[in-house]
2 protein chains.
Amino acid sequence: MTAIKESSTRNFNKQTTAISCPVTYVMNKIGGHWKPIILYHLSNGPKRYSELKRAIPQITEKMLIQHLKQLQEDDLVLRTAEPVVPPFVTYSVTSAGTKLQPVLNAMAIWGLEDMEQRINGPKK
Amino acid sequence: MTAIKESSTRNFNKQTTAISCPVTYVMNKIGGHWKPIILYHLSNGPKRYSELKRAIPQITEKMLIQHLKQLQEDDLVLRTAEPVVPPFVTYSVTSAGTKLQPVLNAMAIWGLEDMEQRINGPKK
DNA sequence: TACTTTTATACAAGTACTTACCCCAAAGTA
DNA sequence: TACTTTGGGGTAAGTACTTGTATAAAAGTA
C-alpha cells in the first residue's frame, strides 16, 4: 500500500482540508478510479473477490485488493472470510456505504446530464 | 499543466471509465484537493483572482491558476477579464456549476454525518 | 529610478498513485 | 507428481499530481 510520508506539505494539506471541507473528506473515501466502480458492483448484493475481479476485468488484483482494504478501513465495505481452503471471501457494503448510494446517484445524474449537454448542446 | 501521456494504460483506463461510469466522470471534474474549495468560495458570488488567493491561503498560485483553468475547460467556472493594467479578472460559477451545488451539498451532509459517527460512535 | 500591484507562466523537484510482474499456501484432482 | 483454484503479498517501475521558486508586463507611485 505504498507508505505515505507523514511530513509532506501535500499530506498536511490533505489532512487539514479533509477536516475543514466535508466534500474533500468524502472524496478521499471514494476518490480514485476504481472505488466508485467497486461500490457500484457491490450495491447489487455481496460478491466474492473473484466475482469482483471478473466483473471489472481492467483492474489489476493489486488495485482491487488495495481499494477493498481502504474501503474496509473507511467502513464502507465489509469483508467476510470463511476459513476454508481454497479461501471463500465475501465483500458487502456496510450501512455507511448504503447511505452513500443516494449521493453517488445524485452525482451520476448530474454527470449523465452534463455529458448529454456536452454532446447535444443545451436543450431549448 | 504537465503534459499527460496519451498512450499510458492509466490514461486509457481513466478515459474509458469516465465514459462508462458517470460518478468517475464527475470526480474527474471536481476531484483534487482544491477544486471543491474553489467552487465553494465562488458559490457565494463572483470573486477576483486575488480574493480567491487570500481566501485560500494554503494554495499556491500555481495550483489556483491550474485548477481554475481546468474548471473553465469543464465549463463549471467562468472567467471574465477586463483589459486594464494591472489586470482585473473575475471568476464566477456557470449554470452547470450551479447545478452541481446540490450534489456537493449532499456529499457534505453525508461527510459531516460520517465524521460525527466516527467520533461519537453510532447514535441510538 | 526603483518599487508595487495584479494575474499569471515556466521549469524543476518532490510525492503519491497505478501498473506490471512474480510469488505463496493448502486442498482437490488428473 | 504435477497442476488448478482462491485470495492474496511484495517489489519495482512508470505516470500523474503538487509544491517551490523564479520570472514577466505595464501603469502607478515614492
# chains A, B, ... in the order shown; residues from 1 in each chain; ligands from 1

$ closest_atom_pairs --of "chain A" --to "chain D" --cutoff "7 Å" --atoms "only C-alpha atoms (C1' of nucleotides)" --output "JSON lines"
{"residue": "A:Arg10", "atom": "CA", "partner": "D:DT18", "partner_atom": "C1'", "distance": 6.7}
{"residue": "A:Pro86", "atom": "CA", "partner": "D:DT6", "partner_atom": "C1'", "distance": 5.1}
{"residue": "A:Pro87", "atom": "CA", "partner": "D:DT6", "partner_atom": "C1'", "distance": 5.4}

$ write_last_selection --atoms "C-alpha atoms" --output "compact mmCIF listing (two decimals), in the first residue's frame"
# COMPACT_ATOMS: atom_id res chain seq x y z
CA ARG A 10 0.91 17.59 0.45
CA PRO A 86 -9.38 -22.64 -1.03
CA PRO A 87 -10.46 -19.40 0.71

$ closest_atom_pairs --of "chain A" --to "chain B" --cutoff "10 Å" --atoms "only C-alpha atoms" --output "JSON lines"
{"residue": "A:Thr9", "atom": "CA", "partner": "B:Gln58", "partner_atom": "CA", "distance": 9.8}
{"residue": "A:Arg10", "atom": "CA", "partner": "B:His33", "partner_atom": "CA", "distance": 9.6}
{"residue": "A:Asn13", "atom": "CA", "partner": "B:Gln58", "partner_atom": "CA", "distance": 7.7}
{"residue": "A:Lys14", "atom": "CA", "partner": "B:His33", "partner_atom": "CA", "distance": 6.8}
{"residue": "A:Thr17", "atom": "CA", "partner": "B:His33", "partner_atom": "CA", "distance": 7.4}
{"residue": "A:Ala18", "atom": "CA", "partner": "B:His33", "partner_atom": "CA", "distance": 8.5}
{"residue": "A:Ile19", "atom": "CA", "partner": "B:Met115", "partner_atom": "CA", "distance": 8.8}
{"residue": "A:Ser20", "atom": "CA", "partner": "B:Ile37", "partner_atom": "CA", "distance": 9.9}
{"residue": "A:Cys21", "atom": "CA", "partner": "B:Ile37", "partner_atom": "CA", "distance": 7.4}
{"residue": "A:Pro22", "atom": "CA", "partner": "B:Ala108", "partner_atom": "CA", "distance": 4.8}
{"residue": "A:Val23", "atom": "CA", "partner": "B:Ala108", "partner_atom": "CA", "distance": 4.9}
{"residue": "A:Thr24", "atom": "CA", "partner": "B:His33", "partner_atom": "CA", "distance": 6.4}
{"residue": "A:Tyr25", "atom": "CA", "partner": "B:Gly111", "partner_atom": "CA", "distance": 6.3}
{"residue": "A:Val26", "atom": "CA", "partner": "B:Gly111", "partner_atom": "CA", "distance": 5.6}
{"residue": "A:Met27", "atom": "CA", "partner": "B:Gly31", "partner_atom": "CA", "distance": 7.0}
{"residue": "A:Asn28", "atom": "CA", "partner": "B:His33", "partner_atom": "CA", "distance": 8.9}
{"residue": "A:Lys29", "atom": "CA", "partner": "B:Gly111", "partner_atom": "CA", "distance": 9.6}
{"residue": "A:Ile30", "atom": "CA", "partner": "B:Met27", "partner_atom": "CA", "distance": 9.1}
{"residue": "A:Gly31", "atom": "CA", "partner": "B:Met27", "partner_atom": "CA", "distance": 7.0}
{"residue": "A:Gly32", "atom": "CA", "partner": "B:Thr24", "partner_atom": "CA", "distance": 8.3}
{"residue": "A:His33", "atom": "CA", "partner": "B:Thr24", "partner_atom": "CA", "distance": 6.4}
{"residue": "A:Trp34", "atom": "CA", "partner": "B:Thr24", "partner_atom": "CA", "distance": 8.4}
{"residue": "A:Lys35", "atom": "CA", "partner": "B:Thr24", "partner_atom": "CA", "distance": 9.1}
{"residue": "A:Pro36", "atom": "CA", "partner": "B:Val23", "partner_atom": "CA", "distance": 6.8}
{"residue": "A:Ile37", "atom": "CA", "partner": "B:Cys21", "partner_atom": "CA", "distance": 7.3}
{"residue": "A:Tyr40", "atom": "CA", "partner": "B:Cys21", "partner_atom": "CA", "distance": 9.5}
{"residue": "A:Gln58", "atom": "CA", "partner": "B:Asn13", "partner_atom": "CA", "distance": 7.7}
{"residue": "A:Ile59", "atom": "CA", "partner": "B:Asn13", "partner_atom": "CA", "distance": 8.9}
{"residue": "A:Asp74", "atom": "CA", "partner": "B:Arg118", "partner_atom": "CA", "distance": 9.7}
{"residue": "A:Asp75", "atom": "CA", "partner": "B:Arg118", "partner_atom": "CA", "distance": 9.6}
{"residue": "A:Ala96", "atom": "CA", "partner": "B:Asp114", "partner_atom": "CA", "distance": 7.5}
{"residue": "A:Lys99", "atom": "CA", "partner": "B:Trp110", "partner_atom": "CA", "distance": 7.8}
{"residue": "A:Leu100", "atom": "CA", "partner": "B:Trp110", "partner_atom": "CA", "distance": 7.0}
{"residue": "A:Pro102", "atom": "CA", "partner": "B:Ala106", "partner_atom": "CA", "distance": 8.6}
{"residue": "A:Val103", "atom": "CA", "partner": "B:Ala106", "partner_atom": "CA", "distance": 6.0}
{"residue": "A:Leu104", "atom": "CA", "partner": "B:Val23", "partner_atom": "CA", "distance": 6.6}
{"residue": "A:Asn105", "atom": "CA", "partner": "B:Val23", "partner_atom": "CA", "distance": 8.0}
{"residue": "A:Ala106", "atom": "CA", "partner": "B:Val103", "partner_atom": "CA", "distance": 6.0}
{"residue": "A:Met107", "atom": "CA", "partner": "B:Val23", "partner_atom": "CA", "distance": 5.7}
{"residue": "A:Ala108", "atom": "CA", "partner": "B:Pro22", "partner_atom": "CA", "distance": 4.8}
{"residue": "A:Ile109", "atom": "CA", "partner": "B:Pro22", "partner_atom": "CA", "distance": 7.7}
{"residue": "A:Trp110", "atom": "CA", "partner": "B:Leu100", "partner_atom": "CA", "distance": 7.0}
{"residue": "A:Gly111", "atom": "CA", "partner": "B:Pro22", "partner_atom": "CA", "distance": 5.1}
{"residue": "A:Leu112", "atom": "CA", "partner": "B:Pro22", "partner_atom": "CA", "distance": 6.0}
{"residue": "A:Glu113", "atom": "CA", "partner": "B:Pro22", "partner_atom": "CA", "distance": 9.5}
{"residue": "A:Asp114", "atom": "CA", "partner": "B:Ala96", "partner_atom": "CA", "distance": 7.5}
{"residue": "A:Met115", "atom": "CA", "partner": "B:Pro22", "partner_atom": "CA", "distance": 8.5}
{"residue": "A:Gln117", "atom": "CA", "partner": "B:Ala96", "partner_atom": "CA", "distance": 9.7}
{"residue": "A:Arg118", "atom": "CA", "partner": "B:Asp75", "partner_atom": "CA", "distance": 9.7}

$ select_by_dssp --residues "chain A" --states "strand (DSSP E or B)" --output "list in words"
Lys47, Arg48, Val77, Leu78, Arg79, Thr80, Ala81, Glu82, Phe88, Val89, Thr90, Tyr91, Ser92 and Val93 of chain A

$ interface_residues --of "chain C" --to "chain A" --cutoff "12 Å" --atoms "only C-alpha atoms (C1' of nucleotides)" --output "PyMOL selection string"
chain C and resi 14-21+25-28

$ write_last_selection --atoms "C-alpha atoms (C1' of nucleotides)" --output "JSON list (two decimals), in the first residue's frame"
[["chain", "number", "residue", "atom", "x", "y", "z"],
["C", 14, "DG", "C1'", 9.23, 16.01, -4.55],
["C", 15, "DT", "C1'", 5.44, 12.87, -3.51],
["C", 16, "DA", "C1'", 1.55, 9.87, -4.43],
["C", 17, "DC", "C1'", -0.97, 6.82, -7.23],
["C", 18, "DT", "C1'", -1.18, 2.88, -10.77],
["C", 19, "DT", "C1'", 0.50, -0.67, -13.29],
["C", 20, "DA", "C1'", 3.29, -4.81, -14.20],
["C", 21, "DC", "C1'", 5.11, -8.90, -12.87],
["C", 25, "DA", "C1'", -0.41, -21.76, 0.88],
["C", 26, "DA", "C1'", -3.24, -25.87, 1.11],
["C", 27, "DA", "C1'", -6.56, -28.92, -0.61],
["C", 28, "DG", "C1'", -8.50, -31.23, -4.51]]

$ select_by_dssp --residues "region 3-80 of chain A" --states "alpha helix (DSSP H)" --output "PyMOL selection string"
chain A and resi 9-20+22-30+35-43+49-55+61-73

$ closest_residue --among "A:Thr16, A:Ser43, A:Ser50, A:Gln70" --to "Ser95 (chain A)" --atoms "only C-alpha atoms"
A:Ser43

$ residues_around --residues "Asn44 (chain B)" --least-positions-apart "6" --cutoff "12 Å" --atoms "only C-alpha atoms (C1' of nucleotides)" --output "VMD selection string"
chain B and resid 37 to 38 52 91 to 93 98 101

$ atom_distance --atom1 "CA of Gln72 (chain B)" --atom2 "CA of Thr94 (chain B)"
9.1 Å

$ atom_distance --atom1 "CA of Arg79 (chain B)" --atom2 "CA of Glu6 (chain B)"
27.8 Å

$ atom_distance --atom1 "C1' of DA30 (chain C)" --atom2 "CA of Thr90 (chain A)"
29.6 Å

$ decode --residues "region 3-29 of chain D" --atoms "N, CA and C atoms (P, O5', C5', C4', C3', O3' and C1' of nucleotides)" --output "tab-separated table (two decimals), in the first residue's frame"
chain	number	residue	atom	x	y	z
D	3	DC	P	3.10	-29.31	-14.45
D	3	DC	O5'	1.56	-28.93	-14.34
D	3	DC	C5'	0.56	-29.92	-14.62
D	3	DC	C4'	-0.76	-29.43	-14.07
D	3	DC	C3'	-0.88	-27.90	-14.04
D	3	DC	O3'	-2.10	-27.52	-14.62
D	3	DC	C1'	-1.42	-28.81	-11.93
D	4	DT	P	-2.47	-25.93	-14.87
D	4	DT	O5'	-3.77	-25.76	-13.98
D	4	DT	C5'	-4.80	-26.75	-14.04
D	4	DT	C4'	-5.80	-26.49	-12.93
D	4	DT	C3'	-6.17	-25.02	-12.77
D	4	DT	O3'	-7.58	-24.87	-12.86
D	4	DT	C1'	-5.55	-25.98	-10.67
D	5	DT	P	-8.24	-23.39	-12.92
D	5	DT	O5'	-8.69	-23.13	-11.41
D	5	DT	C5'	-9.50	-24.09	-10.73
D	5	DT	C4'	-9.69	-23.64	-9.29
D	5	DT	C3'	-9.89	-22.13	-9.16
D	5	DT	O3'	-11.11	-21.85	-8.50
D	5	DT	C1'	-8.20	-22.90	-7.66
D	6	DT	P	-11.72	-20.37	-8.44
D	6	DT	O5'	-11.18	-19.80	-7.06
D	6	DT	C5'	-11.55	-20.43	-5.84
D	6	DT	C4'	-10.90	-19.69	-4.69
D	6	DT	C3'	-11.01	-18.17	-4.79
D	6	DT	O3'	-11.64	-17.69	-3.62
D	6	DT	C1'	-8.76	-18.85	-4.37
D	7	DG	P	-12.08	-16.17	-3.48
D	7	DG	O5'	-10.83	-15.55	-2.72
D	7	DG	C5'	-10.52	-16.01	-1.39
D	7	DG	C4'	-9.23	-15.40	-0.94
D	7	DG	C3'	-9.17	-13.86	-1.10
D	7	DG	O3'	-8.57	-13.28	0.04
D	7	DG	C1'	-7.33	-14.86	-2.13
D	8	DG	P	-8.72	-11.71	0.25
D	8	DG	O5'	-7.81	-11.09	-0.91
D	8	DG	C5'	-6.64	-10.35	-0.57
D	8	DG	C4'	-5.45	-11.29	-0.36
D	8	DG	C3'	-4.12	-10.56	-0.27
D	8	DG	O3'	-3.83	-10.24	1.06
D	8	DG	C1'	-3.99	-12.57	-1.58
D	9	DG	P	-2.84	-9.06	1.38
D	9	DG	O5'	-1.40	-9.63	1.00
D	9	DG	C5'	-0.79	-10.64	1.81
D	9	DG	C4'	0.70	-10.72	1.48
D	9	DG	C3'	1.41	-9.37	1.54
D	9	DG	O3'	2.71	-9.55	2.12
D	9	DG	C1'	1.58	-10.24	-0.64
D	10	DG	P	3.60	-8.28	2.43
D	10	DG	O5'	4.61	-8.20	1.20
D	10	DG	C5'	5.23	-9.37	0.70
D	10	DG	C4'	6.30	-8.99	-0.32
D	10	DG	C3'	6.83	-7.56	-0.18
D	10	DG	O3'	8.24	-7.57	-0.29
D	10	DG	C1'	5.90	-7.88	-2.36
D	11	DT	P	9.09	-6.24	-0.09
D	11	DT	O5'	9.49	-5.87	-1.59
D	11	DT	C5'	10.00	-6.88	-2.44
D	11	DT	C4'	10.21	-6.32	-3.84
D	11	DT	C3'	10.74	-4.88	-3.86
D	11	DT	O3'	11.87	-4.84	-4.70
D	11	DT	C1'	8.80	-5.08	-5.23
D	12	DA	P	12.73	-3.49	-4.84
D	12	DA	O5'	12.42	-3.11	-6.36
D	12	DA	C5'	12.37	-4.14	-7.34
D	12	DA	C4'	11.78	-3.60	-8.62
D	12	DA	C3'	12.30	-2.22	-9.01
D	12	DA	O3'	12.56	-2.24	-10.41
D	12	DA	C1'	9.94	-2.17	-8.89
D	13	DA	P	13.45	-1.09	-11.07
D	13	DA	O5'	12.41	-0.44	-12.09
D	13	DA	C5'	11.65	-1.30	-12.94
D	13	DA	C4'	10.44	-0.54	-13.44
D	13	DA	C3'	10.76	0.87	-13.94
D	13	DA	O3'	10.29	0.96	-15.28
D	13	DA	C1'	8.90	0.89	-12.47
D	14	DG	P	10.57	2.28	-16.15
D	14	DG	O5'	9.10	2.89	-16.28
D	14	DG	C5'	8.03	2.02	-16.64
D	14	DG	C4'	6.72	2.75	-16.46
D	14	DG	C3'	6.70	4.15	-17.06
D	14	DG	O3'	5.50	4.27	-17.80
D	14	DG	C1'	6.04	4.24	-14.79
D	15	DT	P	5.23	5.56	-18.74
D	15	DT	O5'	4.29	6.45	-17.83
D	15	DT	C5'	3.02	5.93	-17.45
D	15	DT	C4'	2.37	6.88	-16.47
D	15	DT	C3'	2.32	8.34	-16.93
D	15	DT	O3'	0.96	8.64	-17.14
D	15	DT	C1'	2.94	8.15	-14.64
D	16	DA	P	0.42	10.11	-17.48
D	16	DA	O5'	0.06	10.67	-16.04
D	16	DA	C5'	-0.96	10.02	-15.30
D	16	DA	C4'	-1.13	10.71	-13.96
D	16	DA	C3'	-1.50	12.19	-14.06
D	16	DA	O3'	-2.61	12.37	-13.21
D	16	DA	C1'	0.37	11.90	-12.61
D	17	DC	P	-3.41	13.76	-13.08
D	17	DC	O5'	-2.91	14.32	-11.67
D	17	DC	C5'	-3.00	13.48	-10.53
D	17	DC	C4'	-2.27	14.13	-9.37
D	17	DC	C3'	-2.63	15.62	-9.21
D	17	DC	O3'	-2.95	15.80	-7.84
D	17	DC	C1'	-0.28	15.31	-9.24
D	18	DT	P	-3.59	17.18	-7.26
D	18	DT	O5'	-2.52	17.71	-6.19
D	18	DT	C5'	-1.25	17.30	-6.27
D	18	DT	C4'	-0.34	17.97	-5.26
D	18	DT	C3'	-0.56	19.45	-4.98
D	18	DT	O3'	-0.33	19.69	-3.59
D	18	DT	C1'	1.57	19.07	-6.05
D	19	DT	P	-0.25	21.15	-2.92
D	19	DT	O5'	1.31	21.50	-3.03
D	19	DT	C5'	2.25	20.70	-2.36
D	19	DT	C4'	3.66	21.19	-2.64
D	19	DT	C3'	3.91	22.66	-2.29
D	19	DT	O3'	4.98	22.70	-1.37
D	19	DT	C1'	4.80	22.11	-4.43
D	20	DG	P	5.44	24.09	-0.70
D	20	DG	O5'	6.66	24.54	-1.64
D	20	DG	C5'	7.64	23.59	-2.02
D	20	DG	C4'	8.79	24.31	-2.74
D	20	DG	C3'	8.92	25.79	-2.38
D	20	DG	O3'	10.31	26.09	-2.27
D	20	DG	C1'	8.59	25.57	-4.72
D	21	DT	P	10.81	27.51	-1.70
D	21	DT	O5'	11.32	28.22	-3.05
D	21	DT	C5'	12.16	27.48	-3.93
D	21	DT	C4'	12.30	28.23	-5.24
D	21	DT	C3'	12.38	29.75	-5.08
D	21	DT	O3'	13.53	30.22	-5.76
D	21	DT	C1'	10.86	29.15	-6.77
D	22	DA	P	13.94	31.81	-5.67
D	22	DA	O5'	13.99	32.19	-7.22
D	22	DA	C5'	14.39	31.21	-8.18
D	22	DA	C4'	13.97	31.66	-9.57
D	22	DA	C3'	14.07	33.17	-9.80
D	22	DA	O3'	14.72	33.42	-11.05
D	22	DA	C1'	11.90	32.42	-10.35
D	23	DT	P	14.99	34.94	-11.52
D	23	DT	O5'	13.78	35.26	-12.52
D	23	DT	C5'	13.53	34.42	-13.64
D	23	DT	C4'	12.26	34.88	-14.34
D	23	DT	C3'	12.19	36.40	-14.52
D	23	DT	O3'	12.37	36.74	-15.89
D	23	DT	C1'	10.10	35.47	-13.81
D	24	DA	P	12.23	38.34	-16.30
D	24	DA	O5'	10.71	38.51	-16.75
D	24	DA	C5'	10.11	37.57	-17.65
D	24	DA	C4'	8.76	38.11	-18.09
D	24	DA	C3'	8.75	39.63	-18.22
D	24	DA	O3'	8.09	40.04	-19.41
D	24	DA	C1'	7.07	38.92	-16.69
D	25	DA	P	8.41	41.51	-20.02
D	25	DA	O5'	7.03	41.95	-20.69
D	25	DA	C5'	5.82	41.22	-20.41
D	25	DA	C4'	4.65	42.20	-20.38
D	25	DA	C3'	5.05	43.65	-20.62
D	25	DA	O3'	3.96	44.35	-21.22
D	25	DA	C1'	4.33	43.40	-18.38
D	26	DA	P	4.18	45.77	-21.98
D	26	DA	O5'	2.84	46.59	-21.69
D	26	DA	C5'	1.86	46.11	-20.78
D	26	DA	C4'	1.49	47.20	-19.78
D	26	DA	C3'	2.11	48.57	-20.04
D	26	DA	O3'	1.10	49.54	-19.86
D	26	DA	C1'	2.63	47.86	-17.86
D	27	DA	P	1.27	51.10	-20.24
D	27	DA	O5'	0.69	51.79	-18.93
D	27	DA	C5'	-0.57	51.38	-18.41
D	27	DA	C4'	-0.59	51.62	-16.92
D	27	DA	C3'	-0.26	53.06	-16.52
D	27	DA	O3'	-1.34	53.62	-15.80
D	27	DA	C1'	0.99	51.50	-15.22
D	28	DG	P	-1.30	55.16	-15.27
D	28	DG	O5'	-0.93	54.95	-13.73
D	28	DG	C5'	-1.73	54.07	-12.93
D	28	DG	C4'	-1.16	54.01	-11.53
D	28	DG	C3'	-0.81	55.36	-10.90
D	28	DG	O3'	-1.24	55.39	-9.55
D	28	DG	C1'	1.10	53.98	-10.90
D	29	DT	P	-1.11	56.77	-8.69
D	29	DT	O5'	0.23	56.48	-7.87
D	29	DT	C5'	0.29	55.38	-6.97
D	29	DT	C4'	1.63	55.39	-6.23
D	29	DT	C3'	2.03	56.76	-5.68
D	29	DT	O3'	2.61	56.56	-4.39
D	29	DT	C1'	3.76	55.90	-7.02
